[in-house]
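Since the structure comes first, as structure tokens, the remarks are kept for the end.
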Amino acid sequence: MSGIWGKNLKLSIFGESHGKGIGIVINGLPAGLELDFELIDKEMKRRLPGRDNISTKRKESDSFEIISGYFNKNTTGTPLCVIIPNEDKKSQDYDKIRELLRPGHADYTGYMKYKGFSDYRGGGHFSGRLTAPLVFAGAIAKQILMKNNIVIGSHILSIGHVQDDYFDLAQVDINTINKINTKEFPVINEEKGRKMIELIQEVKSEQDSIGGTIEAAILNLKAGIGDPFFDSVESKLSHLLFSIPGVKGVEFGRGFEITKLKGSQANDQYYIQNEEIKTYTNNNGGILGGITNGMPVIFRVGIKPTPSIGLKQKTVNIKAMENVEIKIDGRHDPCIIPRAVPVVEAVSGLAVLDLIMEHGGNFIG
Ligand SMILES: Cc1cc2nc3c(=O)[nH]c(=O)nc-3n(C[C@H](O)[C@H](O)[C@H](O)COP(=O)(O)O)c2cc1C
Ligand SMILES: C=C(O[C@@H]1CC(C(=O)O)=C[C@@H](OP(=O)(O)O)[C@H]1O)C(=O)O
């Protein structure tokens, strides 16, 4: 069942973009955790739609209600369920095109899988809106990880061809992350950040959209976490990262660039610092044999241009079985990347928490 994920920490997401609400049930949280609502609010705001002129105009507050699993200001250890109401639905935009398949969105595949019965409004269950509950759950994971000194940070690495500086794979540290965290538009090179915003505004004025990449780092994961083969750290992270709508690629360390190197250039050579084993370089992104090696875990996520664009496109009417043209009105993100940054961090936190729980629950708390 696609809406359920996890081994030790189990997630079940539900809802549709234009239904009553969306939410998540989190199983496996430790009992006795006082939730950090300031952190949850902060993370939810980073993802919020309708917040600036480079995101969708749909205005949601993403205020949430915890239905179960929280009592007397503490998690109970039983399933924690949260609901986020949908407040700003404009379903008439979708009535007009209900039989026309939006190129690049999940209209056709969803129609085939659910035999035409799925809620098509606002992308239904496929909508990027369902990343709101993921951010809620991720904020709880981040809180638990932070107690254990594990920090996750990320920046926008590229929008179209405009490229930010890369993380220094072996040297990225808490100062780098803290500096990015203070920025509204999270980039290392602010000049490049301005160019990215200009590009998003340009494609928006052309009724088009643009894609890009996000680079993320997980700091202070001890060596020895993860498994070979099926539950490798890369597999666990990728599973959740590819669950984010619009994600088309994930690469670790030097990524595909490593294929162009010789072994002598690619291998991360060892040294000892303060009785800890480190590597001079971090081309493998902190993972060897599916297991953490104590260096920062670094990866990049590639996200496609938003499928719903205002420009005319060729498509079909699935009821009439006719070739037609489609022009999509409505409130769409001209670029998904800025709003996906907290989502990438959230799902990474959830994957890491699940991995760590595998290594003994007493690590948490
Ligand atoms: C935060 C976020 C916001 C998104 N906003 C939009 C949007 O406004 N319009 C749209 O067509 N797609 C948007 N998407 C992408 C679609 O949901 C996604 O492309 C679609 O469900 C098909 O899934 P796929 O691209 O993974 O194949 C968004 C995705 C995310 C993560
Ligand atoms: C509402 C959100 O984003 C939505 C994601 C989305 C899609 O197709 O993914 C389509 C748009 O929905 P609507 O047409 O109803 O405005 C976005 O606004 C959100 O992220 O909270």
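Chain lettering (A, B, ...) mirrors the order of the structure tokens, residue numbering begins at 1 for each chain separately, and ligand numbering begins at 1 in order of display.
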Compute the set of protein, DNA and RNA residues whose minimum atom distance to ligand 1 is at most 7 Å, using only C-alpha atoms and all ligand atoms, and state it as a CSV table (one decimal) with N, CA and C atoms, in the first residue's frame.
```csv
chain,number,residue,atom,x,y,z
A,47,ARG,N,7.6,25.8,4.3
A,47,ARG,CA,7.0,25.1,3.2
A,47,ARG,C,5.7,25.8,2.6
A,56,THR,N,3.0,29.4,-5.5
A,56,THR,CA,1.5,29.3,-5.8
A,56,THR,C,0.8,30.4,-5.0
A,104,GLY,N,2.7,15.8,-17.7
A,104,GLY,CA,3.7,15.9,-16.7
A,104,GLY,C,3.1,15.7,-15.3
A,105,HIS,N,1.8,15.8,-15.1
A,105,HIS,CA,1.2,15.6,-13.8
A,105,HIS,C,0.7,14.1,-13.8
A,106,ALA,N,0.1,13.7,-12.7
A,106,ALA,CA,-0.3,12.3,-12.5
A,106,ALA,C,-1.7,12.0,-13.0
A,123,GLY,N,-4.8,18.0,-8.1
A,123,GLY,CA,-3.8,16.9,-8.0
A,123,GLY,C,-4.2,15.8,-7.1
A,126,PHE,N,-2.1,13.1,-5.2
A,126,PHE,CA,-0.8,13.2,-5.8
A,126,PHE,C,-0.2,14.6,-5.5
A,127,SER,N,-1.0,15.5,-5.0
A,127,SER,CA,-0.6,16.9,-4.9
A,127,SER,C,0.7,17.1,-4.0
A,128,GLY,N,1.5,18.1,-4.3
A,128,GLY,CA,2.6,18.5,-3.5
A,128,GLY,C,2.0,19.0,-2.1
A,129,ARG,N,0.7,19.2,-2.0
A,129,ARG,CA,0.1,19.6,-0.8
A,129,ARG,C,0.4,18.6,0.3
A,131,THR,N,2.9,17.1,1.1
A,131,THR,CA,4.2,17.3,1.8
A,131,THR,C,4.1,18.0,3.1
A,244,ILE,N,8.8,12.3,-2.7
A,244,ILE,CA,8.4,13.7,-2.9
A,244,ILE,C,7.9,13.9,-4.3
A,245,PRO,N,6.7,14.4,-4.5
A,245,PRO,CA,6.3,14.7,-5.9
A,245,PRO,C,7.2,15.6,-6.6
A,246,GLY,N,7.6,15.2,-7.8
A,246,GLY,CA,8.5,16.0,-8.7
A,246,GLY,C,9.9,15.6,-8.6
A,247,VAL,N,10.3,14.8,-7.7
A,247,VAL,CA,11.7,14.4,-7.6
A,247,VAL,C,12.1,13.4,-8.7
A,304,LYS,N,12.0,18.2,-11.0
A,304,LYS,CA,11.6,18.7,-12.4
A,304,LYS,C,10.8,20.0,-12.4
A,306,THR,N,7.7,22.4,-12.6
A,306,THR,CA,6.3,22.2,-12.2
A,306,THR,C,5.5,21.8,-13.5
A,307,PRO,N,4.8,20.7,-13.5
A,307,PRO,CA,4.1,20.3,-14.7
A,307,PRO,C,2.9,21.3,-15.1
A,308,SER,N,2.2,21.8,-14.1
A,308,SER,CA,1.0,22.7,-14.5
A,308,SER,C,1.5,24.1,-14.9
A,331,ARG,N,-3.5,28.2,-9.8
A,331,ARG,CA,-2.4,28.8,-8.9
A,331,ARG,C,-1.3,27.8,-8.7
A,332,HIS,N,-0.3,27.9,-9.5
A,332,HIS,CA,0.8,26.9,-9.5
A,332,HIS,C,2.1,27.5,-9.1
A,333,ASP,N,3.0,26.7,-8.5
A,333,ASP,CA,4.3,27.1,-8.2
A,333,ASP,C,5.1,27.2,-9.6
A,336,ILE,N,9.2,24.5,-8.0
A,336,ILE,CA,8.9,23.7,-6.8
A,336,ILE,C,10.0,23.8,-5.8
A,339,ARG,N,10.1,25.7,-2.2
A,339,ARG,CA,9.2,25.1,-1.2
A,339,ARG,C,9.5,23.6,-0.8
A,340,ALA,N,10.4,23.0,-1.7
A,340,ALA,CA,10.7,21.6,-1.4
A,340,ALA,C,11.9,21.5,-0.5
```
Using DSSP on the backbone coordinates, identify all residues within segment 96-192 of chain A classified as helix (DSSP H, G or I); present the result as JSON, numbers by chain. {"A": [107, 108, 109, 110, 111, 112, 113, 121, 122, 123, 124, 125, 126, 128, 129, 130, 131, 132, 133, 134, 135, 136, 137, 138, 139, 140, 141, 142, 143, 144, 145, 146, 147, 174, 175, 176, 177, 178, 179, 180, 181, 190, 191, 192]}
Gap from atom CA of Ser205 of chain A to atom CA of Pro334 of chain A - Å, one decimal: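 Straight-line distance from atom CA of Ser205 of chain A to atom CA of Pro334 of chain A works out to 9.2 Å.
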Distance criterion (only C-alpha atoms): nearest to Ile328 of chain A out of A:Lys115, A:Arg121, A:Lys236, A:Arg102: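 For Ile328 of chain A, the nearest of the candidates is A:Arg102.
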Quick one: pull the distance between atom CA of Asn220 of chain A and atom CA of Leu134 of chain A, Å, one decimal. 22.9 Å
